[in-house]
$ cat structure-v9.csv   # CSV, C-alpha atoms and all ligand atoms
chain,number,residue,atom,x,y,z
A,1,MET,CA,87.3,35.5,-0.1
A,2,GLY,CA,90.7,37.1,0.5
A,3,TYR,CA,89.5,39.4,3.3
A,4,ALA,CA,92.3,40.1,5.8
A,5,PRO,CA,91.3,42.4,8.7
A,6,SER,CA,94.1,44.4,10.3
A,7,ASP,CA,95.1,44.0,13.9
A,8,LEU,CA,93.0,47.1,14.7
A,9,ALA,CA,89.8,45.2,13.8
A,10,LEU,CA,90.6,41.9,15.6
A,11,VAL,CA,89.2,42.1,19.1
A,12,PRO,CA,90.7,40.0,21.9
A,13,PHE,CA,88.1,37.5,23.0
A,14,VAL,CA,88.4,35.5,26.3
A,15,SER,CA,86.3,32.3,26.2
A,16,VAL,CA,85.2,30.4,29.2
A,17,GLU,CA,88.0,27.9,28.6
A,18,ASN,CA,90.6,30.7,28.5
A,19,MET,CA,89.1,32.4,31.6
A,20,MET,CA,89.6,29.2,33.5
A,21,ARG,CA,93.3,29.0,32.2
A,22,ILE,CA,93.9,32.6,33.3
A,23,VAL,CA,92.4,32.0,36.8
A,24,HIS,CA,94.5,28.8,37.3
A,25,ALA,CA,97.7,30.4,35.9
A,26,THR,CA,97.2,33.4,38.3
A,27,GLY,CA,96.0,31.3,41.3
A,28,ILE,CA,92.4,31.8,42.5
A,29,GLU,CA,93.2,33.5,45.8
A,30,ARG,CA,95.7,35.9,44.1
A,31,PHE,CA,93.2,36.6,41.4
A,32,MET,CA,90.6,37.5,44.1
A,33,ARG,CA,93.1,39.7,45.9
A,34,GLU,CA,94.2,41.6,42.8
A,35,LEU,CA,90.7,41.9,41.5
A,36,ALA,CA,89.6,43.3,44.8
A,37,GLY,CA,92.6,45.7,44.6
A,38,CYS,CA,91.3,47.0,41.2
A,39,ILE,CA,87.7,47.4,42.6
A,40,GLU,CA,89.2,49.3,45.6
A,41,ALA,CA,91.2,51.6,43.3
A,42,ASP,CA,88.1,52.3,41.1
A,43,PHE,CA,85.9,53.0,44.2
A,44,ARG,CA,88.6,55.6,45.2
A,45,ARG,CA,88.0,57.4,41.9
A,46,TRP,CA,84.2,56.8,42.0
A,47,GLU,CA,83.2,60.4,41.2
A,48,LEU,CA,84.7,60.3,37.7
A,49,PHE,CA,82.7,57.3,36.5
A,50,ASP,CA,79.6,57.8,34.4
A,51,LYS,CA,76.9,56.1,36.5
A,52,THR,CA,73.4,54.9,36.0
A,53,PRO,CA,71.2,52.2,37.5
A,54,ARG,CA,71.4,49.1,35.2
A,55,VAL,CA,68.9,48.7,32.4
A,56,ALA,CA,66.7,45.8,33.5
A,57,SER,CA,64.1,43.8,31.4
A,58,HIS,CA,62.0,41.8,33.9
A,59,SER,CA,59.8,38.8,33.2
A,60,HIS,CA,58.0,36.4,35.4
A,61,GLU,CA,60.9,33.9,35.2
A,62,GLY,CA,63.8,36.4,35.7
A,63,VAL,CA,65.6,39.4,34.5
A,64,ILE,CA,68.1,40.4,31.7
A,65,GLU,CA,70.2,43.4,32.4
A,66,LEU,CA,72.7,45.7,30.8
A,67,MET,CA,75.3,47.4,33.0
A,68,PRO,CA,77.3,50.2,31.4
A,69,THR,CA,79.9,52.7,32.8
A,70,SER,CA,82.9,54.7,31.7
A,71,ASP,CA,85.9,56.4,33.3
A,72,GLY,CA,86.3,58.7,30.4
A,73,ILE,CA,89.1,56.7,28.8
A,74,ASN,CA,87.5,53.3,28.6
A,75,TYR,CA,83.8,52.2,28.4
A,76,GLY,CA,82.5,48.9,29.6
A,77,PHE,CA,79.3,47.0,29.8
A,78,LYS,CA,78.0,43.6,30.9
A,79,TYR,CA,75.1,41.6,29.7
A,80,VAL,CA,73.8,39.5,32.6
A,81,ASN,CA,70.7,37.5,33.4
A,82,GLY,CA,69.2,36.1,36.6
A,83,HIS,CA,66.7,33.2,36.3
A,84,PRO,CA,66.3,31.3,39.6
A,85,LYS,CA,64.5,28.3,38.0
A,86,ASN,CA,67.2,27.8,35.4
A,87,THR,CA,69.1,25.1,37.4
A,88,LYS,CA,66.1,22.8,37.0
A,89,SER,CA,66.8,22.6,33.2
A,90,GLY,CA,70.6,22.3,33.6
A,91,ARG,CA,71.2,26.0,33.0
A,92,GLN,CA,73.0,28.5,35.3
A,93,THR,CA,70.9,31.0,37.3
A,94,VAL,CA,73.3,33.8,36.3
A,95,THR,CA,75.3,34.0,33.0
A,96,ALA,CA,77.1,37.0,31.6
A,97,PHE,CA,79.5,38.4,29.0
A,98,GLY,CA,81.1,41.8,28.8
A,99,VAL,CA,82.8,44.3,26.5
A,100,MET,CA,85.5,47.0,27.1
A,101,ALA,CA,86.0,49.7,24.5
A,102,GLU,CA,88.2,52.8,24.0
A,103,VAL,CA,86.2,56.0,24.5
A,104,GLY,CA,88.5,57.9,22.1
A,105,ASN,CA,87.5,55.8,19.0
A,106,GLY,CA,84.7,53.6,20.2
A,107,TYR,CA,86.5,50.4,19.2
A,108,PRO,CA,86.1,47.4,21.5
A,109,VAL,CA,89.4,46.2,22.9
A,110,LEU,CA,88.1,43.2,24.9
A,111,ILE,CA,85.1,40.9,24.7
A,112,THR,CA,85.0,38.2,27.4
A,113,GLU,CA,82.9,35.6,29.1
A,114,MET,CA,81.7,37.0,32.4
A,115,THR,CA,79.8,34.2,34.1
A,116,MET,CA,82.9,33.0,35.8
A,117,LEU,CA,84.2,36.6,36.1
A,118,THR,CA,80.9,37.7,37.7
A,119,ALA,CA,81.2,35.1,40.4
A,120,LEU,CA,84.8,36.1,41.0
A,121,ARG,CA,84.0,39.9,41.1
A,122,THR,CA,80.9,39.5,43.3
A,123,ALA,CA,83.0,37.5,45.8
A,124,ALA,CA,85.9,40.0,45.6
A,125,MET,CA,83.5,42.9,46.2
A,126,SER,CA,81.8,41.2,49.1
A,127,ALA,CA,85.1,40.4,50.8
A,128,LEU,CA,86.4,43.9,50.1
A,129,ALA,CA,83.4,45.4,51.8
A,130,ALA,CA,83.8,43.0,54.7
A,131,ARG,CA,87.4,44.2,55.2
A,132,TYR,CA,86.0,47.7,56.1
A,133,LEU,CA,82.8,46.5,57.9
A,134,ALA,CA,83.2,43.1,59.5
A,135,PRO,CA,84.4,42.8,63.1
A,136,GLN,CA,88.2,42.6,63.5
A,137,GLY,CA,89.5,39.0,63.5
A,138,SER,CA,86.4,37.5,62.0
A,139,ARG,CA,87.1,33.8,61.3
A,140,THR,CA,83.7,32.2,61.1
A,141,MET,CA,81.3,32.8,58.2
A,142,THR,CA,77.9,31.2,57.7
A,143,ILE,CA,76.8,30.9,54.0
A,144,ILE,CA,73.1,30.4,53.4
A,145,GLY,CA,72.5,29.4,49.8
A,146,ASN,CA,75.2,27.0,48.6
A,147,GLY,CA,74.8,27.3,44.8
A,148,ALA,CA,77.1,28.6,42.0
A,149,GLN,CA,78.4,31.7,43.8
A,150,SER,CA,79.0,30.1,47.2
A,151,GLU,CA,82.6,28.6,46.9
A,152,PHE,CA,83.8,31.9,45.3
A,153,GLN,CA,82.4,33.8,48.3
A,154,ALA,CA,84.2,31.5,50.7
A,155,LEU,CA,87.5,31.7,48.9
A,156,ALA,CA,87.4,35.5,48.6
A,157,PHE,CA,86.7,35.9,52.3
A,158,LYS,CA,89.5,33.5,53.1
A,159,ALA,CA,91.9,35.5,50.9
A,160,LEU,CA,90.9,39.0,52.0
A,161,VAL,CA,89.4,38.7,55.5
A,162,GLY,CA,90.9,35.4,56.9
A,163,THR,CA,87.6,33.5,57.5
A,164,ASP,CA,88.6,29.9,57.5
A,165,ARG,CA,85.6,28.3,59.4
A,166,LEU,CA,82.5,27.8,57.3
A,167,ARG,CA,78.9,27.0,58.4
A,168,LEU,CA,76.8,26.0,55.5
A,169,TYR,CA,73.0,25.8,55.0
A,170,ASP,CA,70.9,25.3,51.8
A,171,ILE,CA,67.3,24.0,51.5
A,172,ASP,CA,68.9,21.4,49.2
A,173,ARG,CA,71.4,19.5,51.3
A,174,SER,CA,73.2,18.1,48.3
A,175,ALA,CA,74.2,21.7,47.3
A,176,SER,CA,75.9,22.2,50.7
A,177,GLN,CA,77.6,18.8,50.3
A,178,ARG,CA,78.9,19.8,46.8
A,179,CYS,CA,80.1,23.1,48.2
A,180,ALA,CA,81.9,21.4,51.2
A,181,ARG,CA,83.5,18.9,48.8
A,182,ASN,CA,84.8,21.6,46.4
A,183,LEU,CA,86.2,23.6,49.3
A,184,ALA,CA,87.8,20.7,51.1
A,185,PRO,CA,91.3,21.1,49.5
A,186,HIS,CA,91.3,24.8,50.4
A,187,GLY,CA,92.1,24.8,54.1
A,188,PHE,CA,88.7,25.4,55.6
A,189,ASP,CA,87.0,23.9,58.7
A,190,ILE,CA,83.5,23.2,57.3
A,191,GLU,CA,80.2,22.1,58.9
A,192,ILE,CA,76.8,21.6,57.3
A,193,PHE,CA,73.6,22.4,59.1
A,194,GLY,CA,69.9,21.4,58.7
A,195,SER,CA,68.5,24.9,59.3
A,196,GLY,CA,69.5,28.6,58.9
A,197,GLN,CA,68.9,29.1,62.6
A,198,GLU,CA,71.6,26.5,63.5
A,199,ALA,CA,74.0,27.6,60.8
A,200,VAL,CA,74.2,31.2,62.1
A,201,GLU,CA,75.1,30.3,65.7
A,202,GLY,CA,78.6,31.7,66.5
A,203,ALA,CA,79.1,33.3,63.1
A,204,ASP,CA,81.1,36.6,62.8
A,205,ILE,CA,79.8,37.1,59.2
A,206,ILE,CA,76.6,35.8,57.6
A,207,THR,CA,76.5,35.6,53.8
A,208,THR,CA,73.1,35.1,52.2
A,209,VAL,CA,73.3,34.1,48.6
A,210,THR,CA,70.1,32.3,47.7
A,211,ALA,CA,68.1,32.5,44.5
A,212,ASP,CA,64.3,32.9,44.6
A,213,LYS,CA,62.2,35.6,43.0
A,214,GLN,CA,60.2,36.6,46.1
A,215,TYR,CA,60.3,38.6,49.3
A,216,ALA,CA,62.0,35.9,51.3
A,217,ALA,CA,63.0,35.9,54.9
A,218,ILE,CA,66.2,33.8,54.8
A,219,LEU,CA,67.3,35.7,57.9
A,220,THR,CA,64.7,36.7,60.6
A,221,ASP,CA,65.4,39.3,63.3
A,222,ASN,CA,66.0,36.7,66.0
A,223,MET,CA,68.8,35.1,64.0
A,224,VAL,CA,71.0,38.2,64.0
A,225,GLY,CA,72.9,39.1,67.2
A,226,PRO,CA,74.9,42.2,68.0
A,227,GLY,CA,78.3,42.7,66.2
A,228,ILE,CA,77.5,40.6,63.1
A,229,HIS,CA,78.4,41.6,59.6
A,230,ILE,CA,75.8,40.6,57.0
A,231,ASN,CA,76.8,40.2,53.4
A,232,ALA,CA,73.4,40.1,51.6
A,233,VAL,CA,74.1,39.0,48.0
A,234,GLY,CA,71.0,37.2,46.7
A,235,GLY,CA,68.4,40.0,47.0
A,236,ASP,CA,69.2,41.9,43.8
A,237,CYS,CA,65.9,42.6,41.9
A,238,PRO,CA,62.6,44.3,42.6
A,239,GLY,CA,60.5,41.8,44.5
A,240,LYS,CA,63.5,39.6,45.4
A,241,THR,CA,64.9,40.1,48.9
A,242,GLU,CA,66.4,37.8,51.6
A,243,LEU,CA,66.3,39.7,54.9
A,244,HIS,CA,63.3,40.5,57.2
A,245,ARG,CA,62.7,44.2,57.3
A,246,ASP,CA,63.3,44.4,61.1
A,247,ILE,CA,67.0,43.4,60.5
A,248,LEU,CA,67.4,46.4,58.2
A,249,LEU,CA,66.0,48.7,60.9
A,250,ARG,CA,68.7,47.6,63.4
A,251,SER,CA,71.6,47.7,60.9
A,252,GLU,CA,74.1,50.3,59.6
A,253,ILE,CA,73.5,49.8,55.8
A,254,PHE,CA,76.2,50.1,53.2
A,255,VAL,CA,75.5,50.1,49.5
A,256,GLU,CA,77.2,50.4,46.1
A,257,TYR,CA,75.1,53.0,44.1
A,258,PRO,CA,72.0,54.1,46.0
A,259,PRO,CA,69.8,54.9,42.9
A,260,GLN,CA,70.2,51.2,41.8
A,261,THR,CA,70.2,49.6,45.3
A,262,ARG,CA,66.9,51.4,46.3
A,263,ILE,CA,65.3,49.7,43.3
A,264,GLU,CA,66.9,46.3,43.6
A,265,GLY,CA,68.5,45.7,47.1
A,266,GLU,CA,67.2,44.8,50.5
A,267,ILE,CA,66.5,48.5,51.1
A,268,GLN,CA,63.6,48.4,48.6
A,269,GLN,CA,61.7,47.4,51.8
A,270,LEU,CA,62.5,50.7,53.4
A,271,ASP,CA,61.4,54.3,53.0
A,272,PRO,CA,63.1,55.9,50.0
A,273,ASP,CA,65.0,58.4,52.3
A,274,HIS,CA,66.2,55.8,54.8
A,275,LYS,CA,69.9,56.6,55.6
A,276,VAL,CA,72.4,54.4,53.8
A,277,THR,CA,76.1,54.9,53.4
A,278,GLU,CA,77.8,54.6,50.0
A,279,LEU,CA,80.7,52.2,50.2
A,280,TRP,CA,83.0,54.2,48.1
A,281,GLN,CA,83.1,56.9,50.8
A,282,VAL,CA,84.2,54.4,53.4
A,283,ILE,CA,86.9,53.0,51.0
A,284,ASP,CA,88.0,56.6,50.3
A,285,GLY,CA,88.3,57.3,54.1
A,286,ARG,CA,85.6,60.0,54.1
A,287,ILE,CA,83.2,58.0,56.3
A,288,ALA,CA,83.9,55.4,59.0
A,289,GLY,CA,82.9,51.8,58.3
A,290,ARG,CA,82.2,49.8,61.5
A,291,THR,CA,82.3,52.1,64.5
A,292,GLY,CA,81.4,49.8,67.3
A,293,ARG,CA,81.8,46.2,68.4
A,294,ASP,CA,78.0,45.6,68.8
A,295,GLN,CA,77.0,47.3,65.6
A,296,ILE,CA,75.3,45.2,63.0
A,297,THR,CA,76.7,46.1,59.6
A,298,LEU,CA,75.0,45.2,56.4
A,299,PHE,CA,76.5,45.2,52.9
A,300,ASP,CA,73.4,45.3,50.7
A,301,SER,CA,75.1,43.9,47.6
A,302,VAL,CA,73.3,44.1,44.2
A,303,GLY,CA,76.4,44.3,41.9
A,304,PHE,CA,77.2,47.6,40.2
A,305,ALA,CA,78.7,48.3,36.7
A,306,VAL,CA,81.9,49.9,38.2
A,307,GLU,CA,82.8,46.4,39.6
A,308,ASP,CA,82.5,44.8,36.2
A,309,PHE,CA,84.6,47.6,34.7
A,310,SER,CA,87.3,46.8,37.3
A,311,ALA,CA,87.0,43.1,36.4
A,312,LEU,CA,87.3,43.9,32.7
A,313,ARG,CA,90.3,46.1,33.1
A,314,TYR,CA,92.0,43.5,35.4
A,315,VAL,CA,91.5,40.7,32.9
A,316,ARG,CA,92.8,42.9,30.1
A,317,SER,CA,95.9,43.8,32.1
A,318,LEU,CA,96.7,40.0,32.5
A,319,LEU,CA,96.5,39.3,28.7
A,320,GLY,CA,100.0,40.7,28.1
A,321,GLU,CA,101.6,38.0,30.3
A,322,LEU,CA,99.0,35.4,29.6
A,323,PRO,CA,98.1,35.2,26.0
A,324,CYS,CA,94.9,33.2,26.7
A,325,PHE,CA,92.6,34.7,24.2
A,326,ASP,CA,91.5,34.5,20.6
A,327,ARG,CA,91.2,37.3,18.1
A,328,LEU,CA,87.6,37.8,16.9
A,329,ASP,CA,86.9,39.1,13.4
A,330,LEU,CA,84.3,41.4,14.9
A,331,LEU,CA,84.7,44.8,13.2
A,332,ALA,CA,84.5,45.3,9.4
A,333,ASP,CA,87.8,46.7,8.2
A,334,PRO,CA,87.7,48.0,4.6
A,335,ASP,CA,91.0,49.3,3.2
A,336,ASP,CA,89.3,52.6,2.5
A,337,PRO,CA,87.2,53.2,5.7
A,338,ARG,CA,84.4,54.7,3.6
A,339,ASP,CA,84.2,51.8,1.1
A,340,LEU,CA,82.2,49.4,3.3
A,341,PHE,CA,79.9,48.6,0.4
A,342,GLY,CA,82.8,47.9,-1.9
A,343,MET,CA,84.3,45.5,0.7
A,344,LEU,CA,80.9,43.6,0.8
A,345,MET,CA,80.7,43.4,-3.0
A,346,ARG,CA,84.3,42.2,-3.4
A,347,ALA,CA,83.5,39.3,-1.1
A,348,GLY,CA,80.7,38.1,-3.4
A,349,PRO,CA,80.7,36.3,-6.7
A,350,GLN,CA,83.0,38.2,-9.1
A,351,PRO,CA,81.8,38.9,-12.7
A,352,ALA,CA,83.2,36.3,-15.1
A,401,LIG,P1,72.1,29.2,42.3
A,401,LIG,O1,70.8,28.9,41.8
A,401,LIG,O2,73.3,28.4,41.7
A,401,LIG,O3,72.2,28.9,43.9
A,401,LIG,C1,71.2,29.3,44.8
A,401,LIG,C2,71.1,28.4,46.0
A,401,LIG,O4,70.2,28.9,46.9
A,401,LIG,C3,70.5,27.0,45.6
A,401,LIG,O5,71.5,26.0,46.0
A,401,LIG,C4,69.2,26.9,46.3
A,401,LIG,O6,68.9,25.6,46.7
A,401,LIG,C5,69.4,27.8,47.5
A,401,LIG,N1,68.2,28.4,48.1
A,401,LIG,C6,67.1,28.9,47.5
A,401,LIG,N2,66.2,29.2,48.5
A,401,LIG,C7,66.8,29.0,49.7
A,401,LIG,C8,66.3,29.1,51.0
A,401,LIG,N3,65.1,29.6,51.3
A,401,LIG,N4,67.2,28.8,52.0
A,401,LIG,C9,68.4,28.3,51.8
A,401,LIG,N5,68.9,28.1,50.5
A,401,LIG,C10,68.1,28.4,49.5
A,401,LIG,O7,72.4,30.8,42.2
A,401,LIG,P2,73.8,31.6,42.3
A,401,LIG,O8,74.4,31.7,41.0
A,401,LIG,O9,74.6,31.0,43.4
A,401,LIG,O10,73.2,33.0,42.7
A,401,LIG,C11,72.7,33.2,44.0
A,401,LIG,C12,72.0,34.5,44.1
A,401,LIG,O11,73.0,35.6,44.0
A,401,LIG,C13,71.0,34.8,42.9
A,401,LIG,O12,69.9,35.4,43.5
A,401,LIG,C14,71.8,35.8,42.1
A,401,LIG,O13,70.9,36.7,41.4
A,401,LIG,C15,72.6,36.6,43.1
A,401,LIG,N6,73.8,37.3,42.6
A,401,LIG,C16,74.0,38.5,43.1
A,401,LIG,C17,75.2,39.2,42.7
A,401,LIG,C18,75.5,40.5,43.3
A,401,LIG,O14,76.4,41.2,42.8
A,401,LIG,N7,74.8,40.9,44.3
A,401,LIG,C19,76.0,38.6,41.7
A,401,LIG,C20,75.7,37.3,41.2
A,401,LIG,C21,74.6,36.6,41.7
$ encode --input "structure-v9.csv" --output "structure tokens" --more "lines below"
Ligand code: NAD
Amino acid sequence: MGYAPSDLALVPFVSVENMMRIVHATGIERFMRELAGCIEADFRRWELFDKTPRVASHSHEGVIELMPTSDGINYGFKYVNGHPKNTKSGRQTVTAFGVMAEVGNGYPVLITEMTMLTALRTAAMSALAARYLAPQGSRTMTIIGNGAQSEFQALAFKALVGTDRLRLYDIDRSASQRCARNLAPHGFDIEIFGSGQEAVEGADIITTVTADKQYAAILTDNMVGPGIHINAVGGDCPGKTELHRDILLRSEIFVEYPPQTRIEGEIQQLDPDHKVTELWQVIDGRIAGRTGRDQITLFDSVGFAVEDFSALRYVRSLLGELPCFDRLDLLADPDDPRDLFGMLMRAGPQPA
């Protein structure tokens, strides 16, 4: 055909295989720390981002969402789904891919898998929030829901907070066993429990990361003692929550972007004017995080576009050192920019 796109039109593409190479070459704990550093830096410049609640298309089985944002120089978006029943047919509950582009000319500069990257960024975000909110010296974390996200959560908390004792519970014991097996080489002390009630005993931090499209009560009021930090990750859709409302009424609640969290987070159970604190203001030093030993702090995580933007720019920054990417022939590139039609015709059968 003889078509040879210029470098301008070839978009770096990070496949799942290359993402795994990048994470291994960097080291997973270093990756988590550096990614959390990018999120922290972007939360400190929060006000300059273009922000909107994500665009969600709901169905009975799950949700498909688009998550766009821009810092004025780059634009990023993620496509992500959440389908809790998917694991029964051998599929992931959550899959994703993302794009970063230059605002100045609109050309994409990165397209990447984000299933792995979402697990990494969600964990990095949770651990970053806990650095500001969890009790000093927290070493013991309970994880309720031991599916795809759980090991990432454990490793990010170890890297950023220092939690090295894990108490696991899942309605499917084999999920807890897999999680414990995968984490065994990473220096944790791990116990598996037969109920959430037993698993939360003695925990400094409770992470809930279950998947079920209903108003669930993974944690009830009696399970949460004073001084606990709750990292609530699994309630991230209208009609999908994990905590009993009474816990929310006793907690100091921290959120990413209130207009989105009020629709999707645990706080959908509360009045629309219930006081919540935006995490960026804590990270920026404008508002205190944890202010007392007995306070219950709750990070009502739903996942916001700025975190994906941070993840995209972090991965892009690694590609100079680690050329783990392909170049996708994604953008038509005629020699004369206005001769798009001529380019198409020259690629077809030529007159004899
Ligand atoms: P997954 O399906 O791989 O794992 C979920 C686990 O929860 C399963 O092992 C299941 O057995 C367990 N579970 C379900 N109900 C339970 C219950 N009542 N008690 C104990 N365990 C229970 O899903 P995943 O990829 O690990 O995602 C988990 C959740 O996190 C999903 O709801 C997803 O939407 C959410 N999520 C949130 C963010 C965010 O930024 N907040 C990002 C990614 C995923």
$ residues_near_ligand --input "structure-v9.csv" --ligand "ligand LIG 401 (chain A)" --cutoff "8 Å" --atoms "only C-alpha atoms and all ligand atoms" --output "ChimeraX atom specification"
/A:82-87,92-94,118-119,121-122,144-150,169-172,175-176,196,209-213,216-218,232-237,240,300-304
$ atom_distance --input "structure-v9.csv" --atom1 "CA of His274 in chain A" --atom2 "CA of Tyr215 in chain A"
19.0 Å
$ closest_residue --input "structure-v9.csv" --among "A:Met141, A:Ala25, A:Ala129, A:Leu35" --to "Glu256 in chain A" --atoms "all atoms listed in the file"
A:Ala129
$ residues_around --input "structure-v9.csv" --residues "Leu318 in chain A" --least-positions-apart "4" --cutoff "12 Å" --atoms "all atoms listed in the file" --output "list of chain:residue names"
A:Val14, A:Asn18, A:Met19, A:Arg21, A:Ile22, A:Val23, A:Ala25, A:Thr26, A:Phe31, A:Glu34, A:Leu35, A:Leu110, A:Ala311, A:Leu312, A:Arg313, A:Tyr314, A:Leu322, A:Pro323, A:Cys324, A:Phe325
$ atom_distance --input "structure-v9.csv" --atom1 "CA of His244 in chain A" --atom2 "CA of Pro226 in chain A"
15.9 Å
$ atom_distance --input "structure-v9.csv" --atom1 "CA of Thr241 in chain A" --atom2 "CA of Gly62 in chain A"
13.8 Å
$ residues_around --input "structure-v9.csv" --residues "range 327-343 of chain A" --least-positions-apart "4" --cutoff "8 Å" --atoms "only C-alpha atoms" --output "list in words"
Pro5, Ser6, Ala9, Leu10, Val11, Pro12, Phe13 and Ala347 of chain A
$ closest_residue --input "structure-v9.csv" --among "A:Trp280, A:Phe193, A:Tyr79, A:Phe299" --to "Ala96 in chain A" --atoms "all atoms listed in the file"
A:Tyr79
$ closest_residue --input "structure-v9.csv" --among "A:Leu344, A:Leu298, A:Ala305, A:Met116" --to "Lys78 in chain A" --atoms "only C-alpha atoms"
A:Ala305
$ closest_residue --input "structure-v9.csv" --among "A:Asp164, A:Asp189, A:Asp71, A:Glu47" --to "Asp204 in chain A" --atoms "all atoms listed in the file"
A:Asp164
$ closest_residue --input "structure-v9.csv" --among "A:Met67, A:Leu270, A:Ile73, A:Ile228" --to "Leu48 in chain A" --atoms "all atoms listed in the file"
A:Ile73
$ closest_residue --input "structure-v9.csv" --among "A:Gln281, A:Leu133, A:Asp308, A:Leu160" --to "Leu66 in chain A" --atoms "all atoms listed in the file"
A:Asp308
$ residues_around --input "structure-v9.csv" --residues "Glu113 in chain A" --least-positions-apart "6" --cutoff "6 Å" --atoms "all atoms listed in the file" --output "VMD selection string"
chain A and resid 15 to 16 97
$ residues_around --input "structure-v9.csv" --residues "Arg245 in chain A" --least-positions-apart "4" --cutoff "10 Å" --atoms "all atoms listed in the file" --output "PyMOL selection string"
chain A and resi 217+219-221+241+249-250+266-270
$ residues_around --input "structure-v9.csv" --residues "Pro68 in chain A" --least-positions-apart "6" --cutoff "9 Å" --atoms "all atoms listed in the file" --output "PyMOL selection string"
chain A and resi 50-55+75-78+305-306+308-309
$ build_atoms --input "structure-v9.csv" --residues "range 235-240 of chain A" --atoms "all heavy atoms" --output "PDB file, in the frame of the given file"
ATOM      1  N   GLY A 235      69.551  39.112  47.219  1.00  0.00           N
ATOM      2  CA  GLY A 235      68.400  40.000  47.000  1.00  0.00           C
ATOM      3  C   GLY A 235      68.927  41.124  46.021  1.00  0.00           C
ATOM      4  O   GLY A 235      69.601  42.051  46.445  1.00  0.00           O
ATOM      5  N   ASP A 236      68.616  40.999  44.736  1.00  0.00           N
ATOM      6  CA  ASP A 236      69.200  41.900  43.800  1.00  0.00           C
ATOM      7  C   ASP A 236      68.262  42.311  42.655  1.00  0.00           C
ATOM      8  O   ASP A 236      68.687  42.640  41.553  1.00  0.00           O
ATOM      9  CB  ASP A 236      70.520  41.325  43.203  1.00  0.00           C
ATOM     10  CG  ASP A 236      70.283  39.993  42.503  1.00  0.00           C
ATOM     11  OD1 ASP A 236      69.140  39.496  42.524  1.00  0.00           O
ATOM     12  OD2 ASP A 236      71.237  39.453  41.911  1.00  0.00           O
ATOM     13  N   CYS A 237      66.960  42.268  42.961  1.00  0.00           N
ATOM     14  CA  CYS A 237      65.900  42.600  41.900  1.00  0.00           C
ATOM     15  C   CYS A 237      64.689  43.091  42.649  1.00  0.00           C
ATOM     16  O   CYS A 237      64.417  42.678  43.775  1.00  0.00           O
ATOM     17  CB  CYS A 237      65.527  41.245  41.308  1.00  0.00           C
ATOM     18  SG  CYS A 237      65.899  41.096  39.606  1.00  0.00           S
ATOM     19  N   PRO A 238      63.889  43.920  41.946  1.00  0.00           N
ATOM     20  CA  PRO A 238      62.600  44.300  42.600  1.00  0.00           C
ATOM     21  C   PRO A 238      61.811  43.030  42.882  1.00  0.00           C
ATOM     22  O   PRO A 238      61.739  42.112  42.057  1.00  0.00           O
ATOM     23  CB  PRO A 238      61.924  45.118  41.469  1.00  0.00           C
ATOM     24  CG  PRO A 238      63.026  45.613  40.598  1.00  0.00           C
ATOM     25  CD  PRO A 238      64.104  44.565  40.643  1.00  0.00           C
ATOM     26  N   GLY A 239      61.259  42.956  44.090  1.00  0.00           N
ATOM     27  CA  GLY A 239      60.500  41.800  44.500  1.00  0.00           C
ATOM     28  C   GLY A 239      61.312  40.580  44.872  1.00  0.00           C
ATOM     29  O   GLY A 239      60.780  39.483  45.017  1.00  0.00           O
ATOM     30  N   LYS A 240      62.622  40.749  45.063  1.00  0.00           N
ATOM     31  CA  LYS A 240      63.500  39.600  45.400  1.00  0.00           C
ATOM     32  C   LYS A 240      64.453  40.050  46.516  1.00  0.00           C
ATOM     33  O   LYS A 240      65.451  40.740  46.272  1.00  0.00           O
ATOM     34  CB  LYS A 240      64.299  39.226  44.138  1.00  0.00           C
ATOM     35  CG  LYS A 240      65.300  38.092  44.290  1.00  0.00           C
ATOM     36  CD  LYS A 240      65.692  37.598  42.887  1.00  0.00           C
ATOM     37  CE  LYS A 240      66.844  36.630  42.854  1.00  0.00           C
ATOM     38  NZ  LYS A 240      68.137  37.294  42.609  1.00  0.00           N
TER      39      LYS A 240
END
